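First comes the structure, then the notes that go with it.
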Amino acid sequence: MIARKYLYLIALAREKHFGRAAACCHVSPSTLSAAIRGLEDELGVVLVERSQHFAGLTPEGMCVVEHAQRIAAGAEGLRQDMARLKGGLSGRLRIGVIPTALTVVASLTAPFARKHPRVDIEVLAAATGDILARLRAFELDAGIVYSASAGAADLLATPVWQENHVFLTAPGGPLAGRDSVSWREAAHFPLCLLTRDMQNRQTIDEVFASLDCQPKVSLETNSIITLLAHVCAGPWATIVPRSVLDLIGAPRDVQVLPLTEPAVAWETTVVTLARDPSPPMVAALVAEARKLGGAE
């Protein structure tokens with residue numbers, strides 16, 4: 001439904017390396033390069049900047065890739081429709097998830113999998129910007145991000161849950177016996193938090209900034225599990241969504257306190273490209289998201 005040479009060009013744009021793109025397409029680099037040169041001859045334009053190695057796409061190349069990505073996505077949607085009519089959805093559903101939602105994404109994927117057992121699901125952890133970029137490049141079918149990041153006109157956002165954050169620290173310290181802690185107080189503890197490219201970290205920083213507080217962040221990571229491990233093993237405290245602990249439980253010998261003054265809740269959403277019609281697999285996922293979020 002789409003010529004193989006266009007798929008080769010899409011792979012090259014994604015991998016930015018002839019050898020890796022060829023491996024993804026299960027052909028030799030010379031076969032891939034020859035096919036792309038043939039496409040350039042056919043279209044009468046140069047698509048790829050070449051030196052000894054891949055040097056990028058020309059403006060014409062980027063334009064062709066964008067069209068090819070849409071055609072390939074449409075062909076995949078048609079394949080899904082045919083599979084649905086024959087015996088139910090099948091194929092691979094690719095979901096990019098911000099790290100803070102990794103522990104709760106199963107509340108969405110589990111009911112989807114029960115309803116569509118022939119679909120294989122791939123869940124990938126990534127920062128918000130990467131999720132949105134890969135979504136727009138048709139490399140992901142859906143993403144789970146904070147709603148504040150999903151307001152662009154080309155996106156469809158389906159809210160699924162709201163989450164409050166809690167403060168984790170070693171027991172027996174200055175907060176022993178307390179049932180909550182203020183954000184101002186939390187700023188004075190040595191903190192381990194997610195890295196600054198993560199939307200969760202950015203929203204936490206915004207709360208501290210609104211209070212004119214400068215938190216003491218002495219360790220950063222892109223892993224929720226690493227945060228929990230360092231609170232258990234070292235002198236750090238951390239701030240994580242309560243939903244993380246609701247699913248996997250709080251670590252032993254750690255004090256968990258709600259954050260107050262202010263009380264802040266963040267909304268998480270399933271984000272997809274706003275396409276009409278929506279691919280059947282994406283439409284099925286959005287239907288499950290609407291149920292989870294209470295919209296149905």
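Identifiers in this document derive from the order of the structure tokens: chains are assigned A, B, ..., residues are numbered from 1 separately in each chain, and ligands are numbered from 1 in order of occurrence.
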
Handout entry: Who sits within 12 Å of segment 50-62 of chain A, only C-alpha atoms, same chain under 4 positions skipped, as a list in words
Key = Tyr6, Leu9, Ile10, Leu12, Ala13, Arg14, Glu15, Lys16, His17, Phe18, Gly19, Arg20, Ala21, Pro29, Ser33, Ile36, Arg37, Leu39, Glu40, Leu43, Gly44, Val45, Val46, Glu66, His67, Ala68, Gln69 and Ala137 of chain A

Exercise for the section: Enumerate, as a PyMOL selection string, the complete set of residues in segment 118-206 of chain A that a backbone-based DSSP assignment places in strand (DSSP E or B). Expected result: chain A and resi 119-125+142-146+155-169+181-182+190-194

Problem - Non-local contacts of Ala126 of chain A (12 Å; only C-alpha atoms; under 4 positions in same chain excluded) as a PyMOL selection string - result: chain A and resi 95-102+130-135+140+143-145+195+197-200+222-223

Write out the residues from the selection above, keeping N, CA and C atoms, as a PDB file, in the first residue's frame.
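Heads up, here's the output in out.pdb:
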```pdb
ATOM      1  N   ILE A  95       2.811   2.805  23.188  1.00  0.00           N
ATOM      2  CA  ILE A  95       2.421   3.879  24.097  1.00  0.00           C
ATOM      3  C   ILE A  95       3.664   4.445  24.768  1.00  0.00           C
ATOM      4  N   GLY A  96       3.854   5.749  24.665  1.00  0.00           N
ATOM      5  CA  GLY A  96       4.922   6.424  25.393  1.00  0.00           C
ATOM      6  C   GLY A  96       4.367   6.978  26.698  1.00  0.00           C
ATOM      7  N   VAL A  97       5.080   6.767  27.787  1.00  0.00           N
ATOM      8  CA  VAL A  97       4.560   7.108  29.114  1.00  0.00           C
ATOM      9  C   VAL A  97       5.607   7.894  29.901  1.00  0.00           C
ATOM     10  N   ILE A  98       5.195   9.004  30.499  1.00  0.00           N
ATOM     11  CA  ILE A  98       6.107   9.726  31.382  1.00  0.00           C
ATOM     12  C   ILE A  98       6.428   8.848  32.594  1.00  0.00           C
ATOM     13  N   PRO A  99       7.627   8.950  33.149  1.00  0.00           N
ATOM     14  CA  PRO A  99       8.042   8.025  34.221  1.00  0.00           C
ATOM     15  C   PRO A  99       7.094   7.973  35.405  1.00  0.00           C
ATOM     16  N   THR A 100       6.490   9.109  35.770  1.00  0.00           N
ATOM     17  CA  THR A 100       5.620   9.118  36.945  1.00  0.00           C
ATOM     18  C   THR A 100       4.329   8.343  36.732  1.00  0.00           C
ATOM     19  N   ALA A 101       4.005   8.008  35.488  1.00  0.00           N
ATOM     20  CA  ALA A 101       2.772   7.262  35.214  1.00  0.00           C
ATOM     21  C   ALA A 101       3.034   5.790  34.927  1.00  0.00           C
ATOM     22  N   LEU A 102       4.289   5.364  34.942  1.00  0.00           N
ATOM     23  CA  LEU A 102       4.606   3.987  34.575  1.00  0.00           C
ATOM     24  C   LEU A 102       3.964   2.966  35.504  1.00  0.00           C
ATOM     25  N   ASP A 130       9.780  14.087  24.051  1.00  0.00           N
ATOM     26  CA  ASP A 130      10.082  12.951  23.182  1.00  0.00           C
ATOM     27  C   ASP A 130       8.803  12.220  22.800  1.00  0.00           C
ATOM     28  N   ILE A 131       7.893  12.070  23.750  1.00  0.00           N
ATOM     29  CA  ILE A 131       6.619  11.396  23.463  1.00  0.00           C
ATOM     30  C   ILE A 131       5.862  12.152  22.380  1.00  0.00           C
ATOM     31  N   LEU A 132       5.750  13.458  22.519  1.00  0.00           N
ATOM     32  CA  LEU A 132       4.981  14.243  21.543  1.00  0.00           C
ATOM     33  C   LEU A 132       5.657  14.235  20.172  1.00  0.00           C
ATOM     34  N   ALA A 133       6.991  14.296  20.150  1.00  0.00           N
ATOM     35  CA  ALA A 133       7.711  14.263  18.874  1.00  0.00           C
ATOM     36  C   ALA A 133       7.510  12.927  18.176  1.00  0.00           C
ATOM     37  N   ARG A 134       7.603  11.833  18.919  1.00  0.00           N
ATOM     38  CA  ARG A 134       7.450  10.509  18.314  1.00  0.00           C
ATOM     39  C   ARG A 134       5.997  10.249  17.924  1.00  0.00           C
ATOM     40  N   LEU A 135       5.070  10.839  18.645  1.00  0.00           N
ATOM     41  CA  LEU A 135       3.661  10.735  18.272  1.00  0.00           C
ATOM     42  C   LEU A 135       3.427  11.411  16.929  1.00  0.00           C
ATOM     43  N   LEU A 140       4.778   6.484  17.685  1.00  0.00           N
ATOM     44  CA  LEU A 140       3.954   6.058  18.804  1.00  0.00           C
ATOM     45  C   LEU A 140       2.495   6.200  18.412  1.00  0.00           C
ATOM     46  N   GLY A 143       0.282   8.550  23.870  1.00  0.00           N
ATOM     47  CA  GLY A 143       1.177   8.908  24.956  1.00  0.00           C
ATOM     48  C   GLY A 143       0.373   9.169  26.214  1.00  0.00           C
ATOM     49  N   ILE A 144       1.037   9.071  27.349  1.00  0.00           N
ATOM     50  CA  ILE A 144       0.438   9.461  28.619  1.00  0.00           C
ATOM     51  C   ILE A 144       1.319  10.553  29.202  1.00  0.00           C
ATOM     52  N   VAL A 145       0.742  11.765  29.302  1.00  0.00           N
ATOM     53  CA  VAL A 145       1.490  12.944  29.738  1.00  0.00           C
ATOM     54  C   VAL A 145       0.587  13.768  30.650  1.00  0.00           C
ATOM     55  N   THR A 195      14.858  14.459  36.691  1.00  0.00           N
ATOM     56  CA  THR A 195      15.662  15.437  35.965  1.00  0.00           C
ATOM     57  C   THR A 195      14.783  16.552  35.401  1.00  0.00           C
ATOM     58  N   ASP A 197      14.327  17.783  32.543  1.00  0.00           N
ATOM     59  CA  ASP A 197      13.619  17.627  31.285  1.00  0.00           C
ATOM     60  C   ASP A 197      12.275  16.920  31.463  1.00  0.00           C
ATOM     61  N   MET A 198      12.013  16.397  32.654  1.00  0.00           N
ATOM     62  CA  MET A 198      10.767  15.688  32.928  1.00  0.00           C
ATOM     63  C   MET A 198       9.679  16.678  33.335  1.00  0.00           C
ATOM     64  N   GLN A 199       8.475  16.486  32.778  1.00  0.00           N
ATOM     65  CA  GLN A 199       7.381  17.397  33.075  1.00  0.00           C
ATOM     66  C   GLN A 199       7.041  17.403  34.563  1.00  0.00           C
ATOM     67  N   ASN A 200       7.132  16.236  35.214  1.00  0.00           N
ATOM     68  CA  ASN A 200       6.859  16.171  36.641  1.00  0.00           C
ATOM     69  C   ASN A 200       7.783  17.099  37.416  1.00  0.00           C
ATOM     70  N   ASN A 222      16.239   9.995  36.108  1.00  0.00           N
ATOM     71  CA  ASN A 222      15.043   9.891  35.271  1.00  0.00           C
ATOM     72  C   ASN A 222      14.228   8.652  35.622  1.00  0.00           C
ATOM     73  N   SER A 223      14.441   8.094  36.810  1.00  0.00           N
ATOM     74  CA  SER A 223      13.784   6.847  37.212  1.00  0.00           C
ATOM     75  C   SER A 223      13.115   6.999  38.566  1.00  0.00           C
TER      76      SER A 223
END
```

Handout entry: Shell of 9 Å around Leu228 of chain A, only C-alpha atoms, local chain residues under 6 positions omitted, as a ChimeraX atom specification
Key = /A:168,237-238,240,250-251

Preceding selection exported with C-alpha atoms as a PDB file, in the first residue's frame:
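Output saved as out_18.pdb:
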```pdb
ATOM      1  CA  LEU A 168       8.986  10.690  51.338  1.00  0.00           C
ATOM      2  CA  ALA A 237      13.907  12.922  50.667  1.00  0.00           C
ATOM      3  CA  THR A 238      11.801  12.973  47.516  1.00  0.00           C
ATOM      4  CA  VAL A 240       6.453  11.523  44.013  1.00  0.00           C
ATOM      5  CA  ALA A 250       5.515   2.515  50.156  1.00  0.00           C
ATOM      6  CA  PRO A 251       9.060   1.331  50.873  1.00  0.00           C
TER       7      PRO A 251
END
```

Using only C-alpha atoms, what table do you get, as JSON lines, when you list each residue of segment 104-158 of chain A with an atom no more than 10 Å from segment 70-93 of chain A, its nearest pair of atoms, and their distance in Å rounded to one decimal, rows by chain then rising number?
```
{"residue": "A:Thr109", "atom": "CA", "partner": "A:Leu93", "partner_atom": "CA", "distance": 9.9}
{"residue": "A:Lys115", "atom": "CA", "partner": "A:Leu89", "partner_atom": "CA", "distance": 9.5}
{"residue": "A:His116", "atom": "CA", "partner": "A:Leu89", "partner_atom": "CA", "distance": 6.2}
{"residue": "A:Pro117", "atom": "CA", "partner": "A:Ser90", "partner_atom": "CA", "distance": 8.0}
{"residue": "A:Arg118", "atom": "CA", "partner": "A:Ser90", "partner_atom": "CA", "distance": 4.8}
{"residue": "A:Val119", "atom": "CA", "partner": "A:Ser90", "partner_atom": "CA", "distance": 4.5}
{"residue": "A:Asp120", "atom": "CA", "partner": "A:Arg92", "partner_atom": "CA", "distance": 4.7}
{"residue": "A:Ile121", "atom": "CA", "partner": "A:Leu93", "partner_atom": "CA", "distance": 4.8}
{"residue": "A:Glu122", "atom": "CA", "partner": "A:Leu93", "partner_atom": "CA", "distance": 6.1}
{"residue": "A:Val123", "atom": "CA", "partner": "A:Leu93", "partner_atom": "CA", "distance": 8.5}
{"residue": "A:Arg136", "atom": "CA", "partner": "A:Arg70", "partner_atom": "CA", "distance": 9.6}
{"residue": "A:Ala137", "atom": "CA", "partner": "A:Arg70", "partner_atom": "CA", "distance": 8.6}
{"residue": "A:Phe138", "atom": "CA", "partner": "A:Ala73", "partner_atom": "CA", "distance": 6.7}
{"residue": "A:Glu139", "atom": "CA", "partner": "A:Ala73", "partner_atom": "CA", "distance": 9.4}
{"residue": "A:Leu140", "atom": "CA", "partner": "A:Leu93", "partner_atom": "CA", "distance": 8.0}
{"residue": "A:Asp141", "atom": "CA", "partner": "A:Leu93", "partner_atom": "CA", "distance": 6.4}
{"residue": "A:Ala142", "atom": "CA", "partner": "A:Leu93", "partner_atom": "CA", "distance": 8.2}
```

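Take the candidates A:Val27, A:Leu191, A:Leu7, A:Val271 and check each one against Arg290 of chain A using only C-alpha atoms; the shortest distance goes to A:Val271.
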
Do you know which residues are at most 10 Å from Arg196 of chain A counting only C-alpha atoms, after dropping those on the same chain fewer than 2 positions away, and could you put them as a PDB file with N, CA and C atoms, in the first residue's frame?
```pdb
ATOM      1  N   ALA A 127      10.435  11.161  28.191  1.00  0.00           N
ATOM      2  CA  ALA A 127      10.053  12.508  28.603  1.00  0.00           C
ATOM      3  C   ALA A 127       8.937  13.020  27.699  1.00  0.00           C
ATOM      4  N   LEU A 193      15.194  14.309  43.001  1.00  0.00           N
ATOM      5  CA  LEU A 193      14.024  14.520  42.151  1.00  0.00           C
ATOM      6  C   LEU A 193      14.329  14.043  40.736  1.00  0.00           C
ATOM      7  N   LEU A 194      13.283  13.959  39.920  1.00  0.00           N
ATOM      8  CA  LEU A 194      13.480  13.645  38.515  1.00  0.00           C
ATOM      9  C   LEU A 194      14.259  14.764  37.829  1.00  0.00           C
ATOM     10  N   MET A 198      12.013  16.397  32.654  1.00  0.00           N
ATOM     11  CA  MET A 198      10.767  15.688  32.928  1.00  0.00           C
ATOM     12  C   MET A 198       9.679  16.678  33.335  1.00  0.00           C
ATOM     13  N   GLN A 199       8.475  16.486  32.778  1.00  0.00           N
ATOM     14  CA  GLN A 199       7.381  17.397  33.075  1.00  0.00           C
ATOM     15  C   GLN A 199       7.041  17.403  34.563  1.00  0.00           C
ATOM     16  N   ASN A 200       7.132  16.236  35.214  1.00  0.00           N
ATOM     17  CA  ASN A 200       6.859  16.171  36.641  1.00  0.00           C
ATOM     18  C   ASN A 200       7.783  17.099  37.416  1.00  0.00           C
ATOM     19  N   ARG A 201       9.069  17.074  37.080  1.00  0.00           N
ATOM     20  CA  ARG A 201      10.031  17.941  37.760  1.00  0.00           C
ATOM     21  C   ARG A 201       9.710  19.407  37.484  1.00  0.00           C
ATOM     22  N   GLN A 202       9.326  19.710  36.265  1.00  0.00           N
ATOM     23  CA  GLN A 202       9.020  21.098  35.928  1.00  0.00           C
ATOM     24  C   GLN A 202       7.831  21.618  36.730  1.00  0.00           C
ATOM     25  N   THR A 203       6.816  20.767  36.929  1.00  0.00           N
ATOM     26  CA  THR A 203       5.651  21.211  37.698  1.00  0.00           C
ATOM     27  C   THR A 203       6.008  21.360  39.179  1.00  0.00           C
ATOM     28  N   ILE A 204       6.852  20.478  39.697  1.00  0.00           N
ATOM     29  CA  ILE A 204       7.312  20.623  41.084  1.00  0.00           C
ATOM     30  C   ILE A 204       8.100  21.925  41.235  1.00  0.00           C
ATOM     31  N   ASP A 205       8.991  22.208  40.281  1.00  0.00           N
ATOM     32  CA  ASP A 205       9.758  23.452  40.336  1.00  0.00           C
ATOM     33  C   ASP A 205       8.846  24.672  40.297  1.00  0.00           C
ATOM     34  N   GLU A 220      19.649  13.923  41.000  1.00  0.00           N
ATOM     35  CA  GLU A 220      18.617  13.888  39.960  1.00  0.00           C
ATOM     36  C   GLU A 220      18.695  12.563  39.210  1.00  0.00           C
ATOM     37  N   THR A 221      17.562  12.067  38.760  1.00  0.00           N
ATOM     38  CA  THR A 221      17.500  10.822  38.004  1.00  0.00           C
ATOM     39  C   THR A 221      16.268  10.856  37.109  1.00  0.00           C
ATOM     40  N   ASN A 222      16.239   9.995  36.108  1.00  0.00           N
ATOM     41  CA  ASN A 222      15.043   9.891  35.271  1.00  0.00           C
ATOM     42  C   ASN A 222      14.228   8.652  35.622  1.00  0.00           C
TER      43      ASN A 222
END
```

Handout entry: Nearest-residue call for Glu267 of chain A, choices A:Glu163, A:Asp246, A:Asp253, A:Glu288, using only C-alpha atoms
Key =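 When distances to Glu267 of chain A are compared using only C-alpha atoms, the smallest one comes from A:Glu163.
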
Exercise for the section: Please measure the separation of atom CA of Ser180 of chain A and atom CA of Pro258 of chain A, giving the value in Å to one decimal. Expected result: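 Those two atoms sit 4.9 Å apart.
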
Exercise for the section: Have a look at atom CA of Gly293 of chain A and atom CA of Val104 of chain A and let me know their distance in Å, one decimal. Expected result: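 According to the coordinates, atom CA of Gly293 of chain A and atom CA of Val104 of chain A are separated by 13.0 Å.
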
Exercise for the section: Take atom CA of Trp183 of chain A and atom CA of Leu211 of chain A and report the distance between them in Å, one decimal. Expected result: 8.2 Å

Practice task
Quick one: everything within 12 Å of Glu261 of chain A, counting only C-alpha atoms, minus sequence neighbours fewer than 5 positions away in the same chain. Send it as a list in words.
Solution key: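 Here the qualifying residues turn out to be Ser180, Val181, Ser182, Trp183, Arg184, Glu185, Ala186, Val207, Phe208, Ser210 and Leu211 of chain A.
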
Practice task
Using backbone DSSP assignments, extract all helix (DSSP H, G or I) residues from segment 78-225 of chain A; output them as a ChimeraX atom specification.
Solution key: /A:78-87,99-101,106-115,128-136,147-149,183-186,199-210,224-225

Would you export the selected residues with N, CA and C atoms as a short mmCIF file (atom, residue, chain, number, x, y, z; two decimals), in the first residue's frame, please?
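Once everything was written out, this is part-v5.cif:
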```cif
data_model
loop_
_atom_site.label_atom_id
_atom_site.label_comp_id
_atom_site.auth_asym_id
_atom_site.auth_seq_id
_atom_site.Cartn_x
_atom_site.Cartn_y
_atom_site.Cartn_z
N LEU A 78 -5.81 1.14 7.76
CA LEU A 78 -6.60 0.27 6.89
C LEU A 78 -6.39 -1.20 7.26
N ARG A 79 -5.12 -1.57 7.53
CA ARG A 79 -4.85 -2.95 7.92
C ARG A 79 -5.58 -3.31 9.22
N GLN A 80 -5.58 -2.39 10.16
CA GLN A 80 -6.27 -2.63 11.42
C GLN A 80 -7.78 -2.79 11.20
N ASP A 81 -8.33 -1.97 10.33
CA ASP A 81 -9.76 -2.08 10.05
C ASP A 81 -10.10 -3.44 9.45
N MET A 82 -9.28 -3.92 8.52
CA MET A 82 -9.52 -5.21 7.92
C MET A 82 -9.41 -6.33 8.96
N ALA A 83 -8.42 -6.23 9.84
CA ALA A 83 -8.26 -7.24 10.89
C ALA A 83 -9.45 -7.22 11.84
N ARG A 84 -9.95 -6.03 12.17
CA ARG A 84 -11.10 -5.92 13.06
C ARG A 84 -12.33 -6.58 12.46
N LEU A 85 -12.52 -6.39 11.19
CA LEU A 85 -13.69 -6.98 10.52
C LEU A 85 -13.56 -8.50 10.40
N LYS A 86 -12.33 -8.99 10.29
CA LYS A 86 -12.12 -10.43 10.14
C LYS A 86 -12.20 -11.18 11.47
N GLY A 87 -11.75 -10.57 12.56
CA GLY A 87 -11.77 -11.34 13.81
C GLY A 87 -11.32 -10.57 15.02
N PRO A 99 7.63 8.95 33.15
CA PRO A 99 8.04 8.03 34.22
C PRO A 99 7.09 7.97 35.41
N THR A 100 6.49 9.11 35.77
CA THR A 100 5.62 9.12 36.95
C THR A 100 4.33 8.34 36.73
N ALA A 101 4.00 8.01 35.49
CA ALA A 101 2.77 7.26 35.21
C ALA A 101 3.03 5.79 34.93
N ALA A 106 -0.91 0.41 33.89
CA ALA A 106 -1.58 -0.89 33.80
C ALA A 106 -3.08 -0.77 34.02
N SER A 107 -3.53 0.27 34.74
CA SER A 107 -4.97 0.44 34.93
C SER A 107 -5.67 0.79 33.62
N LEU A 108 -4.90 1.19 32.62
CA LEU A 108 -5.44 1.43 31.28
C LEU A 108 -5.18 0.24 30.36
N THR A 109 -3.94 -0.26 30.36
CA THR A 109 -3.58 -1.31 29.41
C THR A 109 -4.23 -2.65 29.76
N ALA A 110 -4.46 -2.92 31.05
CA ALA A 110 -5.04 -4.22 31.43
C ALA A 110 -6.46 -4.40 30.88
N PRO A 111 -7.39 -3.44 31.08
CA PRO A 111 -8.72 -3.63 30.49
C PRO A 111 -8.69 -3.63 28.97
N PHE A 112 -7.78 -2.85 28.37
CA PHE A 112 -7.64 -2.87 26.91
C PHE A 112 -7.24 -4.26 26.44
N ALA A 113 -6.24 -4.86 27.11
CA ALA A 113 -5.74 -6.17 26.71
C ALA A 113 -6.80 -7.25 26.88
N ARG A 114 -7.61 -7.15 27.93
CA ARG A 114 -8.68 -8.14 28.12
C ARG A 114 -9.70 -8.06 26.99
N LYS A 115 -9.96 -6.86 26.52
CA LYS A 115 -10.94 -6.70 25.45
C LYS A 115 -10.36 -7.01 24.07
N THR A 128 8.21 14.01 28.18
CA THR A 128 7.05 14.52 27.45
C THR A 128 7.39 14.97 26.04
N GLY A 129 8.47 15.74 25.90
CA GLY A 129 8.84 16.25 24.58
C GLY A 129 9.11 15.14 23.59
N ASP A 130 9.78 14.09 24.05
CA ASP A 130 10.08 12.95 23.18
C ASP A 130 8.80 12.22 22.80
N ILE A 131 7.89 12.07 23.75
CA ILE A 131 6.62 11.40 23.46
C ILE A 131 5.86 12.15 22.38
N LEU A 132 5.75 13.46 22.52
CA LEU A 132 4.98 14.24 21.54
C LEU A 132 5.66 14.24 20.17
N ALA A 133 6.99 14.30 20.15
CA ALA A 133 7.71 14.26 18.87
C ALA A 133 7.51 12.93 18.18
N ARG A 134 7.60 11.83 18.92
CA ARG A 134 7.45 10.51 18.31
C ARG A 134 6.00 10.25 17.92
N LEU A 135 5.07 10.84 18.64
CA LEU A 135 3.66 10.73 18.27
C LEU A 135 3.43 11.41 16.93
N ARG A 136 3.98 12.59 16.77
CA ARG A 136 3.79 13.34 15.52
C ARG A 136 4.54 12.72 14.35
N SER A 147 -1.76 16.84 31.43
CA SER A 147 -2.71 17.53 30.55
C SER A 147 -2.21 18.88 30.10
N ALA A 148 -1.41 19.55 30.94
CA ALA A 148 -0.90 20.87 30.58
C ALA A 148 -0.03 20.83 29.33
N SER A 149 0.49 19.65 28.98
CA SER A 149 1.37 19.53 27.81
C SER A 149 0.64 19.08 26.56
N TRP A 183 5.02 22.62 51.46
CA TRP A 183 6.02 22.72 50.40
C TRP A 183 7.22 23.54 50.86
N ARG A 184 6.98 24.59 51.63
CA ARG A 184 8.09 25.41 52.12
C ARG A 184 9.03 24.58 53.00
N GLU A 185 8.45 23.75 53.86
CA GLU A 185 9.27 22.89 54.71
C GLU A 185 10.06 21.88 53.87
N ALA A 186 9.40 21.32 52.85
CA ALA A 186 10.06 20.32 52.00
C ALA A 186 11.29 20.89 51.31
N GLN A 199 8.48 16.49 32.78
CA GLN A 199 7.38 17.40 33.08
C GLN A 199 7.04 17.40 34.56
N ASN A 200 7.13 16.24 35.21
CA ASN A 200 6.86 16.17 36.64
C ASN A 200 7.78 17.10 37.42
N ARG A 201 9.07 17.07 37.08
CA ARG A 201 10.03 17.94 37.76
C ARG A 201 9.71 19.41 37.48
N GLN A 202 9.33 19.71 36.26
CA GLN A 202 9.02 21.10 35.93
C GLN A 202 7.83 21.62 36.73
N THR A 203 6.82 20.77 36.93
CA THR A 203 5.65 21.21 37.70
C THR A 203 6.01 21.36 39.18
N ILE A 204 6.85 20.48 39.70
CA ILE A 204 7.31 20.62 41.08
C ILE A 204 8.10 21.93 41.24
N ASP A 205 8.99 22.21 40.28
CA ASP A 205 9.76 23.45 40.34
C ASP A 205 8.85 24.67 40.30
N GLU A 206 7.74 24.57 39.52
CA GLU A 206 6.81 25.70 39.44
C GLU A 206 6.14 25.96 40.78
N VAL A 207 5.82 24.91 41.52
CA VAL A 207 5.22 25.10 42.85
C VAL A 207 6.20 25.80 43.77
N PHE A 208 7.44 25.32 43.79
CA PHE A 208 8.45 25.96 44.64
C PHE A 208 8.66 27.42 44.22
N ALA A 209 8.69 27.67 42.90
CA ALA A 209 8.91 29.04 42.42
C ALA A 209 7.75 29.95 42.83
N SER A 210 6.53 29.41 42.80
CA SER A 210 5.37 30.23 43.18
C SER A 210 5.42 30.64 44.65
N ILE A 224 11.82 6.69 38.62
CA ILE A 224 11.08 6.71 39.89
C ILE A 224 11.68 5.69 40.86
N ILE A 225 12.00 4.49 40.36
CA ILE A 225 12.57 3.46 41.22
C ILE A 225 13.87 3.93 41.86
#
```

Handout entry: Shell of 8 Å around Thr269 of chain A, only C-alpha atoms, local chain residues under 5 positions omitted, as number ranges by chain
Key = A: 144-147, 150, 157-161
